[in-house]
Amino acid sequence: MISQSAIDTLRKAEIGARGLFIDGAQAEAASGASLLVISPIDGRPFASIADGNPADIDRAVRSARKAFGTGSWSRAAPAFRKKVLTRLAELIERHVDELAVLGVRDNGTEIGMAYKAEPLSAAGTIRYYAEAIDKVYGEIAPTADNVLGLIHKEPLGVVGVIVPWNFPLMIGAWKIAPALAAGNCVVVKPPEIASLTLLRLAELAAEAGLPAGVLNVVTGRGAVTGEALGLHGDVDAIAFTGSGPVGRRLLEYSARSNLKRIFLELGGKSPNIVFADAPDLKQAAVVSANGIFRNSGQVCVAGSRLLVQASVYDRFMDELLSATTRLKVGDPLDLASDVGAVSSAEQLAKNLGFVAKATEEGARLVTGGERILAETGGSYMAPTIFENVTQDMQLAREEVFGPVLGVMRFETEEEAVRLANSTVYGLASAVWTSNLATAHRMVRAINAGVVHVNTYGGADVTVPLGGVKQSGFGRDKSLHALEKYLELKTAWIAL
Ligand code: NAD
């Protein structure tokens with residue numbers, strides 16, 4: 001783990017003006033324009049990024065297409081790709097402190113979480129796909145004797161990657177690593193408020209020996225660079241994580257351009273269900289508080305709807321309140337902070353809007369509900385719990401993406417299932433029970449990409465992540481994610 005003194009040195013590092021990364025080198029934006037990078041820690045600018053435009057996206061896509069065409073990566077032996085990607089994972093690990101602190105300055109995640117969830121997890125993901133790719137075989141079809149049916153697996157071509165600001169490096173790696181391992185060339189559009197670690201990743205990839213043009217990064221505003229990537233006629237697929245409205249736009253861009261395939265990992269309103277026979281109510285309360293409040297609730301799988309069985313409701317709420325008030329919110333670069341800053345002043349204002357609406361609709365505020373540490377100039381919010389939330393309230397239906405928990409009580413398993421499935425989302429969920437049969441019934445009954453049992457979060461790279469319903473489609477992580485980036489081609493050979 002990183003030391004406080006290392007953090008305190010790195011937090012002062014001069015970043016300056018960062019360009020785009022195209023064709024293996026830093027590049028100016030065509031317009032010469034830039035965007036200030038404001039740290040949510042203190043509300044002050046500490047760097048700038050290039051404000052890309054459609055011409056820059058076009059330049060990056062051309063570079064990726066050219067690199068793909070040469071075959072230096074796309075047709076290279078998988079063992080070569082494995083070697084380069086393994087070297088990249090090692091370089092990330094060598095720069096883990098630098099990357100962790102850089103990311104926290106950008107998006108405000110508490111360093112304890114960021115350190116593991118960003119550079120270390122990205123390195124692990126890259127190594128996972130590096131090691132997997134020389135174990136992926138084509139197939140021979142069970143045909144009649146007079147033909148040979150071969151099924152080849154080929155890279156798609158140019159893949160666009162668009163990611164959000166909460167964990168840009170980790171989520172970026174979930175897409176970039178399998179896409180590259182499969183032999184594709186990639187153009188990344190980082191989130192405008194947290195681009196710095198992905199730019200650094202591209203530099204490290206070049207140092208690791210990735211040929212020029214195989215990984216490009218174009219920073220800029222989503223509505224400009226993101227749209228240009230979505231509409232580009234020479235991009236074969238877009239792997240996206242972000243909000244529902246932008247996900248819908250990407251489907252439209254695809255329809256209006258070249259029918260590129262779109263993979264969407266969208267938001268959630270995930271139910272966390274505590275039955276009276278939970279093995280340890282106190283532990284369930286601690287994990288549930290972390291499951292919504294870490295990274296200020298800016299976690300796609302956050303357990304933002306808590307459903308508690310009536311017979312243990314009061315006991316559980318006491319434990320939850322005590323676990324929540326023990327969380328120390330503060331400077332995300334202080335190792336003593338359990339929860340860091342909200343990613344931006346805009347997101348903080350949005351969170352407070354949800355608080356006002358929940359109060360107006362009759363939910364009862366148990367704790368929090370306000371901005372704190374305003375004197376720092378940063379964006380900090382107290383972990384917030386509302387109870388008496390009903391299904392018709394905004395807080396029960398819409399994703400906040402902030403540290404705001406809505407609590408409901410239930411009597412029966414049927415009622416819990418009905419409440420759990422009553423949103424348009426289906427990303428994550430959890431069930432706390434000592435009864436194996438209840439756990440398995442709930443796993444079957446809940447409409448979600450993941451059902452945690454007696455825990456919340458923490459699923460590693462070996463298992464798929466993604467949603468059902470309006471939480472999107474396509475899966476990140478695990479060997480299944482490789483399938484998204486490989487095309488099947490049949491050879492039907494008369495013998
Ligand atoms: P967002 O949708 O606003 O932005 C995501 C990305 O899309 C950013 O890089 C942004 O620049 C880009 N973008 C914005 N407008 C665009 C456009 N018109 N065309 C193309 N790209 C555009 O989301 P956000 O606020 O950065 O992130 C929060 C959302 O992400 C939440 O809804 C959260 O649940 C979701 N999320 C989901 C997962 C998951 O795995 N399912 C993980 C993390 C976050």
# chains A, B, ... in the order shown; residues from 1 in each chain; ligands from 1
>>> residues_near_ligand(ligand="ligand 1", cutoff="8 Å", atoms="only C-alpha atoms and all ligand atoms", output="CSV table (one decimal) with N, CA and C atoms, in the first residue's frame")
chain,number,residue,atom,x,y,z
A,162,ILE,N,-15.5,4.4,-24.6
A,162,ILE,CA,-16.0,5.6,-24.0
A,162,ILE,C,-16.3,5.2,-22.5
A,163,VAL,N,-15.7,5.9,-21.6
A,163,VAL,CA,-15.9,5.5,-20.2
A,163,VAL,C,-16.2,6.7,-19.3
A,164,PRO,N,-16.8,6.4,-18.1
A,164,PRO,CA,-17.2,7.5,-17.2
A,164,PRO,C,-16.0,7.8,-16.2
A,165,TRP,N,-16.3,8.8,-15.3
A,165,TRP,CA,-15.2,9.3,-14.5
A,165,TRP,C,-15.0,8.7,-13.2
A,166,ASN,N,-15.9,7.7,-12.8
A,166,ASN,CA,-15.8,7.2,-11.4
A,166,ASN,C,-14.6,6.3,-11.3
A,167,PHE,N,-14.3,5.4,-12.3
A,167,PHE,CA,-13.1,4.5,-12.2
A,167,PHE,C,-12.6,4.4,-13.7
A,171,ILE,N,-12.4,0.7,-15.5
A,171,ILE,CA,-13.4,0.5,-16.5
A,171,ILE,C,-12.8,0.5,-17.9
A,189,LYS,N,-12.0,7.5,-25.7
A,189,LYS,CA,-12.5,8.9,-25.4
A,189,LYS,C,-12.7,8.9,-23.9
A,190,PRO,N,-11.8,9.4,-23.1
A,190,PRO,CA,-11.9,9.4,-21.7
A,190,PRO,C,-13.0,10.4,-21.2
A,191,PRO,N,-13.4,10.3,-20.0
A,191,PRO,CA,-14.4,11.3,-19.4
A,191,PRO,C,-13.7,12.6,-19.3
A,192,GLU,N,-14.4,13.7,-19.7
A,192,GLU,CA,-13.7,15.0,-19.7
A,192,GLU,C,-13.2,15.4,-18.3
A,220,GLY,N,-11.6,15.3,-24.6
A,220,GLY,CA,-12.5,16.4,-25.0
A,220,GLY,C,-13.9,16.1,-24.5
A,221,ARG,N,-14.8,17.0,-24.9
A,221,ARG,CA,-16.2,16.9,-24.4
A,221,ARG,C,-17.0,15.7,-25.0
A,222,GLY,N,-17.8,15.1,-24.2
A,222,GLY,CA,-18.5,13.9,-24.7
A,222,GLY,C,-19.4,14.3,-25.9
A,223,ALA,N,-20.1,15.4,-25.8
A,223,ALA,CA,-21.0,15.8,-26.8
A,223,ALA,C,-20.3,16.1,-28.1
A,224,VAL,N,-19.0,16.3,-28.1
A,224,VAL,CA,-18.2,16.6,-29.3
A,224,VAL,C,-17.4,15.4,-29.8
A,225,THR,N,-16.4,15.0,-28.9
A,225,THR,CA,-15.5,13.9,-29.3
A,225,THR,C,-16.3,12.6,-29.2
A,226,GLY,N,-17.1,12.4,-28.2
A,226,GLY,CA,-17.8,11.2,-28.0
A,226,GLY,C,-18.8,11.0,-29.2
A,227,GLU,N,-19.5,12.1,-29.5
A,227,GLU,CA,-20.4,12.0,-30.6
A,227,GLU,C,-19.7,11.7,-31.9
A,228,ALA,N,-18.5,12.3,-32.1
A,228,ALA,CA,-17.8,12.1,-33.4
A,228,ALA,C,-17.3,10.6,-33.5
A,229,LEU,N,-17.0,10.0,-32.4
A,229,LEU,CA,-16.6,8.6,-32.4
A,229,LEU,C,-17.8,7.7,-32.7
A,230,GLY,N,-18.9,8.1,-32.0
A,230,GLY,CA,-20.1,7.3,-32.2
A,230,GLY,C,-20.6,7.3,-33.7
A,240,PHE,N,-19.1,1.0,-24.3
A,240,PHE,CA,-19.4,2.2,-23.5
A,240,PHE,C,-19.8,1.8,-22.1
A,241,THR,N,-19.4,2.6,-21.1
A,241,THR,CA,-19.9,2.6,-19.8
A,241,THR,C,-20.3,4.1,-19.5
A,242,GLY,N,-21.5,4.2,-19.0
A,242,GLY,CA,-21.9,5.6,-18.6
A,242,GLY,C,-23.4,5.6,-18.4
A,243,SER,N,-24.0,6.8,-18.6
A,243,SER,CA,-25.4,6.9,-18.3
A,243,SER,C,-26.4,6.4,-19.4
A,244,GLY,N,-27.6,6.2,-19.0
A,244,GLY,CA,-28.6,5.7,-20.0
A,244,GLY,C,-28.8,6.6,-21.1
A,245,PRO,N,-29.0,8.0,-20.9
A,245,PRO,CA,-29.3,8.9,-22.0
A,245,PRO,C,-28.1,8.9,-23.0
A,246,VAL,N,-26.9,8.8,-22.6
A,246,VAL,CA,-25.8,8.8,-23.6
A,246,VAL,C,-25.8,7.4,-24.3
A,247,GLY,N,-26.1,6.3,-23.6
A,247,GLY,CA,-26.2,5.0,-24.2
A,247,GLY,C,-27.2,5.0,-25.3
A,249,ARG,N,-28.1,7.6,-27.1
A,249,ARG,CA,-27.5,8.4,-28.2
A,249,ARG,C,-26.6,7.5,-29.0
A,250,LEU,N,-25.8,6.7,-28.4
A,250,LEU,CA,-24.9,5.8,-29.1
A,250,LEU,C,-25.6,4.9,-30.1
A,264,LEU,N,-23.3,-1.7,-24.1
A,264,LEU,CA,-23.7,-0.6,-23.2
A,264,LEU,C,-23.7,-1.2,-21.7
A,265,GLU,N,-22.9,-0.5,-20.9
A,265,GLU,CA,-22.9,-0.8,-19.4
A,265,GLU,C,-23.5,0.5,-18.8
A,266,LEU,N,-24.7,0.5,-18.4
A,266,LEU,CA,-25.4,1.7,-18.0
A,266,LEU,C,-25.6,1.7,-16.5
A,267,GLY,N,-26.5,2.5,-16.0
A,267,GLY,CA,-26.6,2.8,-14.6
A,267,GLY,C,-27.4,1.7,-13.9
A,268,GLY,N,-27.6,1.9,-12.6
A,268,GLY,CA,-28.4,0.9,-11.8
A,268,GLY,C,-29.1,1.6,-10.6
A,298,GLN,N,-20.5,6.8,-6.0
A,298,GLN,CA,-20.3,6.9,-7.4
A,298,GLN,C,-19.8,5.6,-7.9
A,299,VAL,N,-20.6,4.6,-7.7
A,299,VAL,CA,-20.2,3.2,-8.1
A,299,VAL,C,-21.4,2.7,-8.8
A,300,CYS,N,-21.2,2.1,-10.1
A,300,CYS,CA,-22.4,1.7,-10.8
A,300,CYS,C,-23.2,0.7,-10.1
A,301,VAL,N,-22.5,-0.2,-9.4
A,301,VAL,CA,-23.2,-1.3,-8.7
A,301,VAL,C,-23.6,-0.9,-7.3
A,399,GLU,N,-31.4,6.7,-10.6
A,399,GLU,CA,-30.1,6.6,-10.1
A,399,GLU,C,-29.6,8.0,-9.6
A,401,PHE,N,-26.3,8.3,-8.2
A,401,PHE,CA,-24.9,8.3,-8.5
A,401,PHE,C,-24.1,9.2,-7.5
A,427,LEU,N,-28.8,-4.0,-12.7
A,427,LEU,CA,-27.4,-4.2,-12.8
A,427,LEU,C,-26.9,-5.1,-11.7
A,465,LEU,N,-19.5,-8.8,-15.7
A,465,LEU,CA,-20.2,-7.7,-15.1
A,465,LEU,C,-21.0,-7.0,-16.2
A,466,GLY,N,-22.3,-6.8,-15.9
A,466,GLY,CA,-23.1,-6.1,-16.9
A,466,GLY,C,-24.6,-6.2,-16.4
A,467,GLY,N,-25.4,-5.6,-17.2
A,467,GLY,CA,-26.8,-5.5,-16.7
A,467,GLY,C,-27.8,-6.2,-17.6
A,471,SER,N,-30.2,-1.4,-17.7
A,471,SER,CA,-28.8,-1.3,-17.3
A,471,SER,C,-27.8,-1.7,-18.4
A,472,GLY,N,-28.4,-2.0,-19.6
A,472,GLY,CA,-27.6,-2.2,-20.8
A,472,GLY,C,-27.4,-3.7,-21.1
A,476,ASP,N,-18.6,-6.9,-19.4
A,476,ASP,CA,-17.2,-6.7,-19.2
A,476,ASP,C,-16.7,-7.8,-18.3
>>> residues_around(residues="stretch 260-263 of chain A", least_positions_apart="3", cutoff="8 Å", atoms="only C-alpha atoms", output="number ranges by chain")
A: 235-240, 250-251, 254-255, 257, 472-475
>>> select_by_dssp(residues="stretch 244-447 of chain A", states="helix (DSSP H, G or I)", output="PyMOL selection string")
chain A and resi 244-256+281-297+310-326+345-360+374-376+394-397+413-420+436-445
>>> residues_around(residues="A:Ser434", least_positions_apart="6", cutoff="7 Å", atoms="only C-alpha atoms", output="list in words")
Asp277, Ala278 and Pro279 of chain A
>>> atom_distance(atom1="atom CA of A:Leu479", atom2="atom CA of A:Val463")
8.2 Å
>>> residues_around(residues="stretch 202-206 of chain A", least_positions_apart="6", cutoff="8 Å", atoms="only C-alpha atoms", output="list of chain:residue names")
A:Phe21, A:Gly24, A:Ala25, A:Leu85, A:Leu88, A:Leu91, A:Ile92, A:Ala212, A:Leu215, A:Asn216, A:Val217
>>> closest_residue(among="A:Thr325, A:Ser379, A:Thr109, A:Thr390", to="A:Lys350", atoms="only C-alpha atoms")
A:Ser379
>>> residues_around(residues="A:Val84", least_positions_apart="6", cutoff="7 Å", atoms="only C-alpha atoms", output="list in words")
Ala208, Gly209 and Leu210 of chain A
>>> write_last_selection(atoms="N, CA, C and O atoms", output="mmCIF file, in the first residue's frame")
data_model
loop_
_atom_site.group_PDB
_atom_site.id
_atom_site.type_symbol
_atom_site.label_atom_id
_atom_site.label_comp_id
_atom_site.auth_asym_id
_atom_site.auth_seq_id
_atom_site.Cartn_x
_atom_site.Cartn_y
_atom_site.Cartn_z
ATOM 1 N N ALA A 208 5.739 -0.029 -23.413
ATOM 2 C CA ALA A 208 5.710 -1.496 -23.332
ATOM 3 C C ALA A 208 5.927 -2.151 -24.689
ATOM 4 O O ALA A 208 6.098 -3.367 -24.769
ATOM 5 N N GLY A 209 5.869 -1.337 -25.759
ATOM 6 C CA GLY A 209 6.120 -1.901 -27.092
ATOM 7 C C GLY A 209 4.890 -2.045 -27.957
ATOM 8 O O GLY A 209 4.924 -2.713 -29.001
ATOM 9 N N LEU A 210 3.785 -1.445 -27.553
ATOM 10 C CA LEU A 210 2.579 -1.488 -28.395
ATOM 11 C C LEU A 210 2.862 -0.663 -29.654
ATOM 12 O O LEU A 210 3.270 0.489 -29.552
#
>>> closest_residue(among="A:Val188, A:Ala382, A:Val161, A:Leu196", to="A:Ala17", atoms="only C-alpha atoms")
A:Leu196
>>> residues_around(residues="A:Ser72", least_positions_apart="3", cutoff="12 Å", atoms="only C-alpha atoms", output="count of residues only")
21
>>> closest_residue(among="A:Ala336, A:Thr367, A:Phe275, A:Leu198", to="A:Ser3", atoms="only C-alpha atoms")
A:Ala336
>>> residues_around(residues="A:Pro403", least_positions_apart="6", cutoff="9 Å", atoms="only C-alpha atoms", output="PyMOL selection string")
chain A and resi 292-298+304+342+351+381-385
>>> closest_residue(among="A:Ala396, A:Leu405, A:Ile49, A:Ala89", to="A:Gly369", atoms="only C-alpha atoms")
A:Leu405
>>> atom_distance(atom1="atom CA of A:Arg326", atom2="atom CA of A:Val451")
27.0 Å
>>> closest_residue(among="A:Arg94, A:Arg305, A:Lys153, A:Arg364", to="A:Leu488", atoms="only C-alpha atoms")
A:Lys153
>>> closest_residue(among="A:Ile273, A:Leu259, A:Leu495, A:Ala122", to="A:Tyr456", atoms="only C-alpha atoms")
A:Ile273
>>> atom_distance(atom1="atom CA of A:Leu395", atom2="atom CA of A:Lys357")
8.1 Å
>>> select_by_dssp(residues="stretch 257-495 of chain A", states="strand (DSSP E)", output="JSON list (two decimals) with N, CA and C atoms, in the first residue's frame")
[["chain", "number", "residue", "atom", "x", "y", "z"],
["A", 261, "ARG", "N", -21.37, -2.02, -33.94],
["A", 261, "ARG", "CA", -22.00, -2.64, -32.77],
["A", 261, "ARG", "C", -21.72, -1.81, -31.52],
["A", 262, "ILE", "N", -22.70, -1.80, -30.63],
["A", 262, "ILE", "CA", -22.61, -0.97, -29.43],
["A", 262, "ILE", "C", -22.80, -1.87, -28.20],
["A", 263, "PHE", "N", -21.88, -1.78, -27.27],
["A", 263, "PHE", "CA", -22.02, -2.51, -26.01],
["A", 263, "PHE", "C", -22.24, -1.48, -24.91],
["A", 264, "LEU", "N", -23.29, -1.66, -24.14],
["A", 264, "LEU", "CA", -23.68, -0.63, -23.16],
["A", 264, "LEU", "C", -23.67, -1.16, -21.73],
["A", 265, "GLU", "N", -22.86, -0.54, -20.89],
["A", 265, "GLU", "CA", -22.93, -0.78, -19.45],
["A", 265, "GLU", "C", -23.46, 0.49, -18.83],
["A", 271, "PRO", "N", -30.90, -3.17, -5.61],
["A", 271, "PRO", "CA", -31.49, -3.50, -4.31],
["A", 271, "PRO", "C", -30.55, -4.34, -3.45],
["A", 272, "ASN", "N", -30.47, -3.99, -2.19],
["A", 272, "ASN", "CA", -29.68, -4.72, -1.20],
["A", 272, "ASN", "C", -30.68, -5.20, -0.16],
["A", 273, "ILE", "N", -30.92, -6.53, -0.12],
["A", 273, "ILE", "CA", -32.07, -7.08, 0.61],
["A", 273, "ILE", "C", -31.61, -7.81, 1.87],
["A", 274, "VAL", "N", -32.04, -7.32, 3.01],
["A", 274, "VAL", "CA", -31.62, -7.92, 4.28],
["A", 274, "VAL", "C", -32.80, -8.69, 4.88],
["A", 305, "ARG", "N", -30.66, 1.00, -2.99],
["A", 305, "ARG", "CA", -31.98, 0.75, -2.40],
["A", 305, "ARG", "C", -31.82, -0.35, -1.36],
["A", 306, "LEU", "N", -32.06, -0.01, -0.13],
["A", 306, "LEU", "CA", -31.93, -1.01, 0.94],
["A", 306, "LEU", "C", -33.32, -1.49, 1.33],
["A", 307, "LEU", "N", -33.55, -2.81, 1.25],
["A", 307, "LEU", "CA", -34.83, -3.40, 1.64],
["A", 307, "LEU", "C", -34.58, -4.24, 2.88],
["A", 308, "VAL", "N", -35.26, -3.91, 3.98],
["A", 308, "VAL", "CA", -35.00, -4.60, 5.25],
["A", 308, "VAL", "C", -36.29, -5.26, 5.74],
["A", 309, "GLN", "N", -36.17, -6.53, 6.15],
["A", 309, "GLN", "CA", -37.36, -7.24, 6.64],
["A", 309, "GLN", "C", -37.83, -6.60, 7.96],
["A", 364, "ARG", "N", -38.19, 10.26, 4.98],
["A", 364, "ARG", "CA", -37.65, 10.84, 6.22],
["A", 364, "ARG", "C", -36.13, 10.79, 6.21],
["A", 365, "LEU", "N", -35.51, 11.97, 6.41],
["A", 365, "LEU", "CA", -34.05, 12.04, 6.42],
["A", 365, "LEU", "C", -33.53, 11.50, 7.75],
["A", 366, "VAL", "N", -32.72, 10.44, 7.69],
["A", 366, "VAL", "CA", -32.18, 9.83, 8.91],
["A", 366, "VAL", "C", -30.83, 10.47, 9.26],
["A", 367, "THR", "N", -30.01, 10.70, 8.23],
["A", 367, "THR", "CA", -28.72, 11.34, 8.48],
["A", 367, "THR", "C", -28.20, 11.96, 7.18],
["A", 371, "ARG", "N", -24.07, 19.32, 1.96],
["A", 371, "ARG", "CA", -22.67, 19.51, 1.61],
["A", 371, "ARG", "C", -21.89, 19.72, 2.91],
["A", 372, "ILE", "N", -20.69, 19.18, 2.96],
["A", 372, "ILE", "CA", -19.84, 19.43, 4.13],
["A", 372, "ILE", "C", -18.45, 19.88, 3.65],
["A", 380, "TYR", "N", -17.73, 17.93, -1.17],
["A", 380, "TYR", "CA", -17.89, 16.82, -0.22],
["A", 380, "TYR", "C", -19.34, 16.75, 0.23],
["A", 381, "MET", "N", -19.82, 15.53, 0.41],
["A", 381, "MET", "CA", -21.21, 15.37, 0.84],
["A", 381, "MET", "C", -21.29, 14.34, 1.96],
["A", 384, "THR", "N", -25.80, 9.98, 3.22],
["A", 384, "THR", "CA", -27.19, 10.37, 3.45],
["A", 384, "THR", "C", -28.12, 9.15, 3.41],
["A", 385, "ILE", "N", -28.97, 9.05, 4.43],
["A", 385, "ILE", "CA", -29.94, 7.94, 4.46],
["A", 385, "ILE", "C", -31.35, 8.52, 4.57],
["A", 386, "PHE", "N", -32.24, 8.05, 3.71],
["A", 386, "PHE", "CA", -33.66, 8.35, 3.81],
["A", 386, "PHE", "C", -34.42, 7.07, 4.10],
["A", 387, "GLU", "N", -35.40, 7.13, 5.02],
["A", 387, "GLU", "CA", -36.29, 5.98, 5.18],
["A", 387, "GLU", "C", -37.71, 6.37, 4.81],
["A", 404, "VAL", "N", -26.35, 8.65, -1.46],
["A", 404, "VAL", "CA", -27.73, 8.80, -0.97],
["A", 404, "VAL", "C", -28.42, 7.44, -1.02],
["A", 405, "LEU", "N", -28.82, 6.96, 0.16],
["A", 405, "LEU", "CA", -29.45, 5.64, 0.28],
["A", 405, "LEU", "C", -30.93, 5.80, 0.59],
["A", 406, "GLY", "N", -31.78, 5.05, -0.09],
["A", 406, "GLY", "CA", -33.21, 5.02, 0.21],
["A", 406, "GLY", "C", -33.55, 3.68, 0.84],
["A", 407, "VAL", "N", -34.25, 3.71, 1.97],
["A", 407, "VAL", "CA", -34.56, 2.47, 2.69],
["A", 407, "VAL", "C", -36.07, 2.20, 2.66],
["A", 408, "MET", "N", -36.40, 0.92, 2.44],
["A", 408, "MET", "CA", -37.80, 0.47, 2.47],
["A", 408, "MET", "C", -37.88, -0.75, 3.37],
["A", 409, "ARG", "N", -39.05, -1.02, 3.94],
["A", 409, "ARG", "CA", -39.17, -2.26, 4.71],
["A", 409, "ARG", "C", -40.10, -3.21, 3.98],
["A", 410, "PHE", "N", -39.90, -4.51, 4.20],
["A", 410, "PHE", "CA", -40.78, -5.51, 3.58],
["A", 410, "PHE", "C", -41.11, -6.59, 4.60],
["A", 430, "ALA", "N", -28.13, -7.61, -3.87],
["A", 430, "ALA", "CA", -27.56, -8.47, -2.82],
["A", 430, "ALA", "C", -28.68, -9.01, -1.96],
["A", 431, "VAL", "N", -28.41, -10.17, -1.39],
["A", 431, "VAL", "CA", -29.35, -10.83, -0.48],
["A", 431, "VAL", "C", -28.56, -11.27, 0.74],
["A", 432, "TRP", "N", -29.08, -10.96, 1.91],
["A", 432, "TRP", "CA", -28.45, -11.40, 3.16],
["A", 432, "TRP", "C", -29.39, -12.39, 3.83],
["A", 452, "HIS", "N", -25.30, -10.65, -5.26],
["A", 452, "HIS", "CA", -24.34, -10.98, -4.20],
["A", 452, "HIS", "C", -25.11, -11.68, -3.08],
["A", 453, "VAL", "N", -24.47, -12.63, -2.44],
["A", 453, "VAL", "CA", -25.10, -13.28, -1.29],
["A", 453, "VAL", "C", -24.19, -13.12, -0.08],
["A", 472, "GLY", "N", -28.40, -2.01, -19.60],
["A", 472, "GLY", "CA", -27.56, -2.22, -20.78],
["A", 472, "GLY", "C", -27.36, -3.68, -21.15],
["A", 473, "PHE", "N", -26.44, -3.91, -22.07],
["A", 473, "PHE", "CA", -26.18, -5.27, -22.54],
["A", 473, "PHE", "C", -24.74, -5.37, -23.01],
["A", 486, "LEU", "N", -14.26, -10.25, -30.84],
["A", 486, "LEU", "CA", -13.84, -11.23, -31.85],
["A", 486, "LEU", "C", -15.02, -11.51, -32.78],
["A", 487, "GLU", "N", -14.73, -11.54, -34.08],
["A", 487, "GLU", "CA", -15.75, -11.85, -35.07],
["A", 487, "GLU", "C", -15.56, -13.29, -35.52],
["A", 488, "LEU", "N", -16.67, -14.00, -35.78],
["A", 488, "LEU", "CA", -16.55, -15.37, -36.28],
["A", 488, "LEU", "C", -16.56, -15.35, -37.80],
["A", 489, "LYS", "N", -15.67, -16.10, -38.39],
["A", 489, "LYS", "CA", -15.68, -16.24, -39.86],
["A", 489, "LYS", "C", -15.64, -17.72, -40.22],
["A", 490, "THR", "N", -16.54, -18.10, -41.14],
["A", 490, "THR", "CA", -16.62, -19.50, -41.53],
["A", 490, "THR", "C", -15.81, -19.75, -42.81],
["A", 491, "ALA", "N", -15.07, -20.82, -42.82],
["A", 491, "ALA", "CA", -14.46, -21.31, -44.07],
["A", 491, "ALA", "C", -15.14, -22.65, -44.36],
["A", 492, "TRP", "N", -15.79, -22.74, -45.52],
["A", 492, "TRP", "CA", -16.52, -23.98, -45.89],
["A", 492, "TRP", "C", -15.78, -24.56, -47.08],
["A", 493, "ILE", "N", -15.04, -25.61, -46.86],
["A", 493, "ILE", "CA", -14.06, -26.09, -47.84],
["A", 493, "ILE", "C", -14.49, -27.47, -48.36],
["A", 494, "ALA", "N", -14.73, -27.51, -49.68],
["A", 494, "ALA", "CA", -15.08, -28.80, -50.29],
["A", 494, "ALA", "C", -13.83, -29.67, -50.35]]
